[in-house]
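Just protein.txt here, compact mmCIF, C-alpha atoms:
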# COMPACT_ATOMS: atom_id res chain seq x y z
CA MET F 1 0.00 0.00 0.00
CA THR F 2 2.89 2.38 0.70
CA SER F 3 3.92 2.49 -2.96
CA ARG F 4 0.42 3.41 -4.12
CA PRO F 5 -0.67 7.03 -4.72
CA LEU F 6 -2.45 8.67 -1.82
CA TRP F 7 -5.69 9.03 -3.77
CA LEU F 8 -5.84 5.24 -4.19
CA ILE F 9 -5.39 4.80 -0.44
CA GLY F 10 -8.33 7.22 -0.09
CA LEU F 11 -10.41 4.85 -2.24
CA PHE F 12 -9.25 1.97 0.00
CA VAL F 13 -10.43 3.85 3.11
CA ALA F 14 -13.75 4.66 1.41
CA ALA F 15 -14.27 0.96 0.62
CA LEU F 16 -13.36 0.13 4.23
CA ALA F 17 -16.08 2.49 5.47
CA LEU F 18 -18.65 1.03 3.05
CA GLY F 19 -17.83 -2.55 4.00
CA THR F 20 -17.98 -1.79 7.72
CA ASP F 21 -21.33 -0.03 7.35
CA GLU F 22 -22.72 -2.96 5.41
CA PHE F 23 -21.73 -5.77 7.77
CA VAL F 24 -21.40 -4.27 11.26
CA ILE F 25 -25.12 -3.70 11.82
CA ALA F 26 -25.80 -7.45 11.98
CA GLY F 27 -23.84 -7.70 15.25
CA LEU F 28 -25.71 -4.75 16.81
CA LEU F 29 -29.28 -5.85 16.05
CA PRO F 30 -30.24 -7.01 19.59
CA THR F 31 -28.97 -3.75 21.11
CA ILE F 32 -30.73 -1.61 18.50
CA ALA F 33 -33.95 -3.59 18.96
CA ALA F 34 -33.88 -3.13 22.75
CA ASP F 35 -33.12 0.58 22.53
CA LEU F 36 -35.84 1.35 19.97
CA ALA F 37 -38.39 -1.07 21.53
CA ILE F 38 -38.80 -3.21 18.42
CA SER F 39 -38.24 -6.90 17.67
CA THR F 40 -34.86 -8.19 16.54
CA GLY F 41 -36.51 -9.32 13.31
CA ALA F 42 -37.73 -5.79 12.66
CA ALA F 43 -34.26 -4.41 13.39
CA GLY F 44 -32.91 -6.88 10.84
CA GLN F 45 -34.69 -4.90 8.14
CA LEU F 46 -31.94 -2.29 8.58
CA VAL F 47 -29.61 -4.81 6.92
CA THR F 48 -32.16 -5.75 4.26
CA VAL F 49 -33.00 -2.23 3.08
CA PHE F 50 -29.33 -1.24 2.90
CA ALA F 51 -28.45 -4.28 0.77
CA LEU F 52 -31.49 -3.96 -1.52
CA THR F 53 -30.97 -0.23 -2.03
CA PHE F 54 -27.31 -0.90 -2.80
CA ALA F 55 -28.13 -3.64 -5.30
CA LEU F 56 -30.98 -1.86 -7.08
CA GLY F 57 -29.48 1.62 -6.89
CA ALA F 58 -26.03 0.79 -8.24
CA PRO F 59 -26.95 0.34 -11.94
CA VAL F 60 -29.39 3.27 -11.96
CA MET F 61 -26.98 5.69 -10.33
CA GLY F 62 -24.10 4.33 -12.40
CA VAL F 63 -25.87 5.29 -15.62
CA LEU F 64 -27.10 8.66 -14.35
CA LEU F 65 -23.75 9.76 -12.91
CA ASP F 66 -21.45 8.30 -15.56
CA PRO F 67 -21.11 11.65 -17.45
CA PHE F 68 -19.77 13.51 -14.41
CA PRO F 69 -16.11 13.69 -13.28
CA ARG F 70 -15.21 10.88 -10.89
CA ARG F 71 -13.99 13.18 -8.11
CA ARG F 72 -17.23 15.15 -8.03
CA VAL F 73 -19.31 11.98 -7.85
CA LEU F 74 -17.11 10.43 -5.14
CA LEU F 75 -17.16 13.56 -3.00
CA GLY F 76 -20.92 13.93 -3.33
CA GLY F 77 -21.54 10.27 -2.56
CA LEU F 78 -19.19 10.24 0.44
CA ALA F 79 -20.72 13.45 1.79
CA VAL F 80 -24.24 11.97 1.65
CA PHE F 81 -22.94 8.70 3.14
CA ALA F 82 -21.28 10.56 6.05
CA ILE F 83 -24.38 12.70 6.67
CA ALA F 84 -26.66 9.63 6.69
CA ASN F 85 -24.45 7.94 9.29
CA LEU F 86 -24.14 11.11 11.39
CA ALA F 87 -27.91 11.50 11.36
CA ALA F 88 -28.26 7.87 12.49
CA VAL F 89 -26.34 8.79 15.64
CA VAL F 90 -29.28 10.93 16.80
CA ALA F 91 -32.19 9.25 14.97
CA PRO F 92 -35.04 9.12 17.53
CA THR F 93 -37.27 6.53 15.79
CA PHE F 94 -36.90 3.28 13.92
CA ALA F 95 -38.72 4.69 10.88
CA LEU F 96 -36.19 7.51 10.54
CA LEU F 97 -33.28 5.11 11.06
CA LEU F 98 -34.70 2.86 8.33
CA ALA F 99 -34.94 5.82 5.94
CA LEU F 100 -31.35 6.78 6.73
CA ARG F 101 -30.20 3.22 5.93
CA VAL F 102 -31.87 3.58 2.52
CA LEU F 103 -30.02 6.86 1.97
CA ALA F 104 -26.73 5.34 3.12
CA GLY F 105 -27.23 2.33 0.84
CA LEU F 106 -27.86 4.56 -2.16
CA ALA F 107 -24.78 6.67 -1.40
CA ALA F 108 -22.72 3.51 -0.89
CA ALA F 109 -23.83 2.23 -4.31
CA VAL F 110 -22.64 5.49 -5.90
CA VAL F 111 -19.29 5.48 -4.09
CA SER F 112 -18.58 1.79 -4.70
CA ALA F 113 -19.20 1.88 -8.47
CA THR F 114 -17.30 5.17 -8.85
CA ALA F 115 -14.37 3.97 -6.74
CA PHE F 116 -13.84 0.94 -8.98
CA ALA F 117 -14.27 3.06 -12.12
CA ALA F 118 -11.79 5.67 -10.82
CA ALA F 119 -9.23 3.02 -9.81
CA GLY F 120 -9.37 1.44 -13.26
CA GLN F 121 -9.36 4.77 -15.08
CA GLY F 122 -6.52 6.27 -13.05
CA ALA F 123 -4.27 3.20 -13.13
CA PRO F 124 -1.04 3.28 -15.16
CA GLU F 125 -0.78 1.01 -18.17
CA GLY F 126 -0.60 -2.62 -17.09
CA LYS F 127 -1.58 -1.89 -13.46
CA GLN F 128 -5.36 -1.76 -13.72
CA GLY F 129 -5.89 -5.08 -11.93
CA SER F 130 -3.57 -4.09 -9.09
CA TYR F 131 -5.35 -0.78 -8.57
CA LEU F 132 -8.76 -2.47 -8.59
CA ALA F 133 -7.39 -4.92 -6.01
CA VAL F 134 -6.73 -2.05 -3.59
CA VAL F 135 -10.42 -1.12 -3.58
CA THR F 136 -11.36 -4.79 -3.18
CA ALA F 137 -8.92 -5.08 -0.28
CA GLY F 138 -10.77 -2.26 1.51
CA LEU F 139 -13.95 -4.33 1.51
CA THR F 140 -12.00 -7.42 2.63
CA VAL F 141 -10.23 -5.65 5.48
CA ALA F 142 -13.62 -4.39 6.71
CA LEU F 143 -14.67 -7.97 7.41
CA PHE F 144 -11.98 -8.69 10.00
CA THR F 145 -10.94 -5.23 11.23
CA GLY F 146 -13.64 -2.64 10.57
CA VAL F 147 -16.56 -4.88 11.51
CA PRO F 148 -15.08 -6.20 14.80
CA LEU F 149 -13.82 -2.71 15.70
CA GLY F 150 -17.23 -1.18 14.97
CA ALA F 151 -18.98 -3.86 17.04
CA TRP F 152 -16.47 -3.33 19.89
CA VAL F 153 -17.03 0.44 19.85
CA GLY F 154 -20.78 -0.15 19.80
CA GLY F 155 -20.49 -2.48 22.77
CA LEU F 156 -18.50 0.07 24.79
CA PHE F 157 -20.30 3.30 23.93
CA GLY F 158 -23.63 2.17 22.49
CA TRP F 159 -24.72 1.24 18.99
CA ARG F 160 -25.01 4.87 17.86
CA SER F 161 -21.27 5.36 18.33
CA THR F 162 -20.64 2.83 15.56
CA PHE F 163 -22.37 5.10 13.05
CA LEU F 164 -20.22 7.99 14.30
CA LEU F 165 -17.06 5.93 13.72
CA ILE F 166 -18.15 5.10 10.16
CA ALA F 167 -18.90 8.76 9.47
CA ILE F 168 -15.44 9.80 10.69
CA VAL F 169 -13.72 7.21 8.49
CA SER F 170 -15.75 8.28 5.45
CA VAL F 171 -14.82 11.94 6.05
CA LEU F 172 -11.13 10.93 6.14
CA ALA F 173 -11.59 9.22 2.77
CA LEU F 174 -13.47 12.24 1.40
CA THR F 175 -10.68 14.61 2.47
CA THR F 176 -7.94 12.47 0.91
CA ILE F 177 -9.82 12.09 -2.36
CA ALA F 178 -10.67 15.81 -2.51
CA ILE F 179 -7.00 16.75 -2.17
CA ARG F 180 -5.22 14.05 -4.15
CA LEU F 181 -7.50 12.40 -6.74
CA PRO F 182 -6.47 13.55 -10.24
CA HIS F 183 -9.03 14.78 -12.73
CA LEU F 184 -10.77 11.74 -14.20
CA PRO F 185 -13.51 12.81 -16.63
CA GLY F 186 -16.80 11.03 -16.95
CA SER F 187 -18.24 9.70 -20.19
CA ARG F 188 -19.54 12.98 -21.56
CA GLY F 189 -21.17 13.61 -24.93
CA LYS F 190 -23.08 10.31 -24.93
CA THR F 191 -26.80 9.86 -25.27
CA LEU F 192 -28.80 7.86 -22.74
CA PRO F 193 -29.10 4.86 -25.11
CA GLU F 194 -25.32 4.88 -25.48
CA ARG F 195 -24.86 4.90 -21.71
CA LEU F 196 -27.33 2.02 -21.45
CA ARG F 197 -25.34 -0.03 -23.97
CA PRO F 198 -23.82 -2.34 -21.28
CA LEU F 199 -27.35 -3.64 -20.67
CA ARG F 200 -27.37 -4.95 -24.25
CA ASP F 201 -23.77 -6.15 -24.35
CA THR F 202 -23.58 -9.94 -24.06
CA ARG F 203 -20.00 -9.72 -22.74
CA VAL F 204 -21.00 -7.50 -19.84
CA LEU F 205 -24.12 -9.53 -19.10
CA ARG F 206 -22.19 -12.80 -19.01
CA LEU F 207 -19.74 -11.25 -16.56
CA VAL F 208 -22.63 -10.00 -14.41
CA VAL F 209 -24.06 -13.54 -14.39
CA ALA F 210 -20.62 -14.87 -13.38
CA VAL F 211 -20.42 -12.36 -10.52
CA PHE F 212 -23.96 -13.24 -9.40
CA LEU F 213 -23.23 -16.97 -9.40
CA SER F 214 -19.87 -16.46 -7.68
CA GLY F 215 -21.48 -14.33 -4.98
CA SER F 216 -24.29 -16.86 -4.52
CA GLY F 217 -21.97 -19.84 -4.19
CA GLY F 218 -19.03 -18.31 -2.34
CA LEU F 219 -21.00 -16.16 0.11
CA MET F 220 -23.42 -19.02 0.83
CA PHE F 221 -20.45 -21.01 2.10
CA TYR F 222 -19.05 -18.04 4.04
CA SER F 223 -22.42 -17.11 5.57
CA TYR F 224 -23.03 -20.61 6.89
CA LEU F 225 -19.54 -21.42 8.14
CA ALA F 226 -20.84 -21.63 11.72
CA PRO F 227 -23.34 -24.49 11.16
CA ILE F 228 -20.88 -26.25 8.83
CA LEU F 229 -18.20 -26.12 11.53
CA GLU F 230 -20.65 -27.26 14.19
CA ASN F 231 -21.79 -30.15 11.99
CA LEU F 232 -18.19 -31.22 11.41
CA HIS F 233 -16.72 -30.81 14.91
CA GLY F 234 -19.66 -30.50 17.26
CA SER F 235 -19.13 -26.86 18.30
CA THR F 236 -18.46 -23.36 16.98
CA ASP F 237 -15.72 -22.56 19.50
CA ARG F 238 -13.17 -22.23 16.72
CA LEU F 239 -15.32 -19.90 14.59
CA PRO F 240 -13.48 -16.67 15.56
CA ALA F 241 -10.14 -18.26 14.60
CA VAL F 242 -11.66 -19.55 11.37
CA LEU F 243 -12.98 -16.10 10.43
CA LEU F 244 -9.62 -14.54 11.28
CA LEU F 245 -7.93 -17.06 8.98
CA VAL F 246 -10.28 -16.09 6.14
CA GLY F 247 -9.40 -12.43 6.63
CA ILE F 248 -5.66 -12.93 6.91
CA VAL F 249 -5.56 -14.99 3.72
CA GLY F 250 -8.15 -12.81 1.98
CA VAL F 251 -6.31 -9.49 1.92
CA PRO F 252 -3.18 -10.65 0.05
CA SER F 253 -5.44 -12.78 -2.14
CA ALA F 254 -7.21 -9.65 -3.40
CA PHE F 255 -3.83 -8.32 -4.54
CA PHE F 256 -3.04 -11.73 -6.03
CA GLY F 257 -6.20 -11.41 -8.14
CA GLY F 258 -5.07 -7.97 -9.31
CA TRP F 259 -1.63 -9.30 -10.20
CA LEU F 260 -3.21 -12.14 -12.19
CA ALA F 261 -5.33 -9.66 -14.16
CA ASP F 262 -2.31 -7.46 -14.93
CA ARG F 263 0.01 -10.34 -15.77
CA TYR F 264 -2.27 -12.66 -17.75
CA GLY F 265 -5.20 -10.53 -18.87
CA GLY F 266 -8.89 -10.64 -18.05
CA ARG F 267 -9.94 -13.96 -19.55
CA LEU F 268 -7.24 -16.24 -18.15
CA SER F 269 -7.30 -14.57 -14.73
CA ARG F 270 -11.07 -14.81 -14.36
CA LEU F 271 -11.04 -18.46 -15.45
CA VAL F 272 -8.27 -19.27 -12.97
CA VAL F 273 -10.07 -17.68 -10.02
CA THR F 274 -13.59 -18.95 -10.82
CA GLY F 275 -12.26 -22.43 -11.62
CA GLY F 276 -10.06 -22.45 -8.53
CA HIS F 277 -12.96 -21.24 -6.43
CA SER F 278 -15.16 -24.07 -7.68
CA LEU F 279 -12.47 -26.69 -7.03
CA ALA F 280 -11.77 -25.27 -3.56
CA LEU F 281 -15.45 -25.55 -2.64
CA ALA F 282 -15.47 -29.09 -4.00
CA LEU F 283 -12.50 -29.82 -1.72
CA MET F 284 -14.40 -28.37 1.25
CA ALA F 285 -17.41 -30.54 0.33
CA LEU F 286 -15.14 -33.60 0.39
CA ILE F 287 -13.72 -32.59 3.78
CA VAL F 288 -17.19 -32.04 5.24
CA PHE F 289 -18.79 -35.19 3.79
CA THR F 290 -15.92 -37.45 4.89
CA GLY F 291 -15.60 -35.90 8.35
CA SER F 292 -11.89 -35.32 7.84
CA PRO F 293 -9.74 -34.49 10.89
CA LEU F 294 -9.68 -30.88 12.08
CA PRO F 295 -6.32 -29.80 10.54
CA LEU F 296 -7.70 -30.39 7.04
CA PHE F 297 -10.58 -27.94 7.53
CA PRO F 298 -8.45 -24.79 8.00
CA ILE F 299 -6.12 -25.90 5.20
CA GLY F 300 -9.05 -26.29 2.82
CA LEU F 301 -10.53 -23.02 4.07
CA ALA F 302 -7.26 -21.18 3.40
CA VAL F 303 -7.21 -22.53 -0.16
CA TRP F 304 -10.83 -21.43 -0.62
CA SER F 305 -10.03 -17.95 0.75
CA VAL F 306 -7.32 -17.45 -1.86
CA PHE F 307 -9.71 -17.86 -4.78
CA ALA F 308 -12.77 -16.34 -3.10
CA TRP F 309 -11.07 -13.01 -2.38
CA ALA F 310 -8.99 -12.99 -5.58
CA LEU F 311 -12.20 -13.07 -7.64
CA ASN F 312 -13.22 -9.42 -7.81
CA PRO F 313 -10.23 -7.71 -9.55
CA PRO F 314 -10.18 -10.04 -12.62
CA LEU F 315 -13.96 -9.80 -13.06
CA GLN F 316 -14.01 -6.00 -12.66
CA SER F 317 -11.02 -5.64 -14.95
CA SER F 318 -12.77 -7.81 -17.55
CA THR F 319 -15.90 -5.67 -17.22
CA ILE F 320 -13.93 -2.48 -17.93
CA GLU F 321 -12.29 -4.23 -20.88
CA ALA F 322 -15.72 -5.22 -22.24
CA ALA F 323 -17.20 -1.71 -21.92
CA PRO F 324 -14.36 0.83 -21.73
CA ASP F 325 -16.60 3.71 -22.82
CA SER F 326 -19.29 2.92 -20.23
CA ALA F 327 -17.10 1.53 -17.45
CA MET F 328 -19.04 2.97 -14.52
CA GLY F 329 -22.39 1.71 -15.79
CA ALA F 330 -20.96 -1.74 -16.49
CA ILE F 331 -19.23 -1.96 -13.09
CA SER F 332 -22.42 -0.90 -11.33
CA LEU F 333 -24.21 -3.83 -12.98
CA ASN F 334 -21.53 -6.14 -11.60
CA ILE F 335 -21.94 -4.68 -8.12
CA SER F 336 -25.69 -5.16 -8.37
CA GLY F 337 -25.13 -8.77 -9.42
CA LEU F 338 -22.86 -9.35 -6.42
CA TYR F 339 -25.38 -7.97 -3.94
CA LEU F 340 -28.24 -9.90 -5.48
CA GLY F 341 -26.02 -12.96 -5.21
CA THR F 342 -25.51 -12.15 -1.53
CA ALA F 343 -29.27 -12.08 -1.01
CA VAL F 344 -29.70 -15.39 -2.84
CA ALA F 345 -26.84 -16.91 -0.84
CA GLY F 346 -28.59 -16.15 2.44
CA ALA F 347 -32.02 -17.33 1.29
CA VAL F 348 -30.94 -20.51 -0.52
CA GLY F 349 -28.36 -21.36 2.14
CA GLY F 350 -31.02 -21.14 4.84
CA LEU F 351 -33.31 -23.41 2.82
CA VAL F 352 -30.50 -25.95 2.34
CA VAL F 353 -29.65 -25.94 6.06
CA ASP F 354 -33.30 -26.46 7.02
CA THR F 355 -33.94 -29.26 4.50
CA ILE F 356 -31.04 -31.42 3.34
CA GLY F 357 -28.46 -30.09 5.79
CA GLU F 358 -25.52 -27.68 5.91
CA ALA F 359 -23.05 -30.34 4.69
CA TRP F 360 -24.44 -29.84 1.16
CA ILE F 361 -23.66 -26.13 1.02
CA PRO F 362 -20.02 -26.44 -0.21
CA LEU F 363 -21.10 -28.82 -2.99
CA ILE F 364 -23.92 -26.54 -4.12
CA GLY F 365 -21.48 -23.64 -4.01
CA ALA F 366 -19.00 -25.59 -6.15
CA ILE F 367 -21.71 -26.20 -8.76
CA LEU F 368 -22.66 -22.50 -8.83
CA LEU F 369 -19.00 -21.52 -9.28
CA ALA F 370 -18.64 -24.05 -12.11
CA LEU F 371 -21.58 -22.34 -13.82
CA ALA F 372 -19.87 -18.98 -13.21
CA TRP F 373 -16.75 -20.36 -14.92
CA CYS F 374 -18.87 -21.32 -17.94
CA SER F 375 -20.48 -17.89 -18.07
CA ALA F 376 -17.09 -16.15 -17.92
CA SER F 377 -15.32 -18.43 -20.41
CA PHE F 378 -15.99 -16.38 -23.56
CA ARG F 379 -13.18 -14.72 -25.52
CA MET F 380 -13.51 -10.95 -25.47
CA ALA F 381 -12.44 -10.44 -29.11
CA HIS F 382 -15.14 -12.82 -30.39
CA ALA F 383 -18.02 -11.36 -28.40
CA LYS F 384 -20.17 -8.64 -29.91
CA PRO F 385 -22.83 -6.50 -28.33
CA SER F 386 -26.27 -7.82 -29.08

Mind turning this structure into structure tokens?
Amino acid sequence: MTSRPLWLIGLFVAALALGTDEFVIAGLLPTIAADLAISTGAAGQLVTVFALTFALGAPVMGVLLDPFPRRRVLLGGLAVFAIANLAAVVAPTFALLLALRVLAGLAAAVVSATAFAAAGQGAPEGKQGSYLAVVTAGLTVALFTGVPLGAWVGGLFGWRSTFLLIAIVSVLALTTIAIRLPHLPGSRGKTLPERLRPLRDTRVLRLVVAVFLSGSGGLMFYSYLAPILENLHGSTDRLPAVLLLVGIVGVPSAFFGGWLADRYGGRLSRLVVTGGHSLALALMALIVFTGSPLPLFPIGLAVWSVFAWALNPPLQSSTIEAAPDSAMGAISLNISGLYLGTAVAGAVGGLVVDTIGEAWIPLIGAILLALAWCSASFRMAHAKPS
């Protein structure tokens, strides 16, 4: 990170704030429910509305804001994001807090799509994958640093303090980007149909499908690690260590995915990571079904983490390659696909656990990743917009 330009580190910090805001609320739901005199299930809608707004808002805002300079869009999005979180600190009712989560989700969709577009656009020749990996790493680091830290702060000072922490981090990112991000123009001079072209481009759509399937399969496994571990070893005592292992392996893996994209190009890198991801989940299925001894589980999990967290840079780099003139709109479709995949992962994974059992989740994930590999296997030069 030290060799990267300061503006890219600002994008990393912005992604860290977004990832923390997305995931940390889940650990605060009982406290929020008690404070606002609502059920825990009702409080859980704070997570749902943020994710749905993010998923549905990303492609719409990506198209609408694509003509504007990246810095202006990032600063506006981060400002709204910070204000929404600051307002949550003093929100007196659940209804207002829910509305603020919608606003924060919409702002997060804008910042996320623009951050990836800016990283790809501002990268030197041959370094696009590595720059995209920095943004991905911000989301990864949030899982094992930002989220636990936010939950810890919430436990010490109350759940509202977590929103204050997120707002402070987002303001730090905003300040860095305002000072150091170079001028990166938007896609000006294009009609609305031209900006909507990624929606009709079979290359982009196949990559969106690959992202959706990858998110569904990989995040289903990640979301249900606790019952899988309990099924295999009779307890979840080792879950914190398991999650820490995923994070420790995940951060360098994001940079590995960026290096692959820079070194071998979009097609080979995305096939390596989706194929490796599928095989790693198949390995985990074998470990779970055979009841292998404990040391094999973390080894298999580490292998899975490499491919799971290396996935995003090659797929985002391929998306920019497929639609260089509408990069922000195309990337926003990918982000929407990922979040819809997250929703499917939770719903389908819960159904699997309640019916045939959690042991089947890695195998189902492996099948979904194999389908993602098929969807991403096209050659860019041979694909034409429909």

Minimum-distance residue to Trp259 (chain F), chosen among F:Ala108, F:Ala376, F:Leu311, F:Leu243 (using all atoms listed in the file):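 Closest residue, counting all atoms listed in the file: F:Leu311.
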
Non-local contacts of Leu315 (chain F) (6 Å; all atoms listed in the file; under 3 positions in same chain excluded) as a VMD selection string: chain F and resid 270 312 318

Option closest in space to Gly337 (chain F), from F:Ala37, F:Val110, F:Leu52, F:Leu100 [counting all atoms listed in the file]: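 The closest residue to Gly337 (chain F) is F:Leu52.
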
For CA of Ile9 (chain F) and CA of Gly146 (chain F), the interatomic separation in Å (one decimal): 15.6 Å

Neighbour list for Leu369 (chain F) as a ChimeraX atom specification, cut-off 8 Å, only C-alpha atoms, skip fewer than 2 positions in-chain: /F:210,213-214,217-218,274-275,277-278,365-367,371-373

Among listed residues F:Leu78, F:Gly258, F:Ala359, F:Gly215, nearest Ala282 (chain F) (using all atoms listed in the file):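 Looking only at the distances to Ala282 (chain F), the closest residue turns out to be F:Ala359.
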
Which residues of region 184-279 of chain F come within 12 Å of region 116-125 of chain F, and for each one, what is the closest pair of atoms and their distance in Å to one decimal, counting all atoms listed in the file, sorted by chain and residue number, as CSV?
residue,atom,partner,partner_atom,distance
F:Leu184,CA,F:Gly122,CA,7.0
F:Pro185,CA,F:Gln121,CA,9.2
F:Gly186,CA,F:Ala118,CA,9.6
F:Ser187,CA,F:Ala117,CA,11.2
F:Gly258,CA,F:Gly120,CA,11.1
F:Ala261,CA,F:Gly120,CA,11.8
F:Asp262,CA,F:Glu125,CA,9.2
F:Arg263,CA,F:Glu125,CA,11.6

Selection near region 171-181 of chain F, 7 Å with all atoms listed in the file, sequence-local residues under 3 positions removed, as a list in words: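 So the residues in contact are Leu6, Trp7, Gly10, Leu11, Val13, Ala14, Arg71, Leu75, Leu78, Ala82, Ala167 and Ile168 of chain F.
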
Coordinates-based distance that separates CA of Gly77 (chain F) from CA of Val141 (chain F) (Å, one decimal):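 According to the coordinates, CA of Val141 (chain F) and CA of Gly77 (chain F) are separated by 21.1 Å.
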
Polymer residues at most 9 Å from Thr114 (chain F), all atoms listed in the file, same-chain spacing of 4 or more positions, as a ChimeraX atom specification: /F:62,65-66,70-71,73-74,109-110,118-119,328,331-332

Surrounding residues of Leu283 (chain F) excluding itself and chain neighbours under 4 positions, 7 Å, only C-alpha atoms, as a PyMOL selection string: chain F and resi 279+287+300

Selected residue, from F:Leu232, F:Ile83, F:Leu333, F:Val47, that lies nearest to Gly357 (chain F) when counting all atoms listed in the file: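 Smallest distance to Gly357 (chain F) is found for F:Leu232.
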
Coordinates-based distance that separates CA of Asn85 (chain F) from CA of Val153 (chain F) (Å, one decimal): 14.9 Å

Nearest residue to Leu244 (chain F) from the set F:Ala280, F:Ala142, F:Ile228, F:Leu340 (distances using only C-alpha atoms): F:Ala142

Among the residues F:Ser292, F:Ser223, F:Ser170, F:Ser305, the one that comes closest to Asp21 (chain F) [using all atoms listed in the file]: F:Ser170
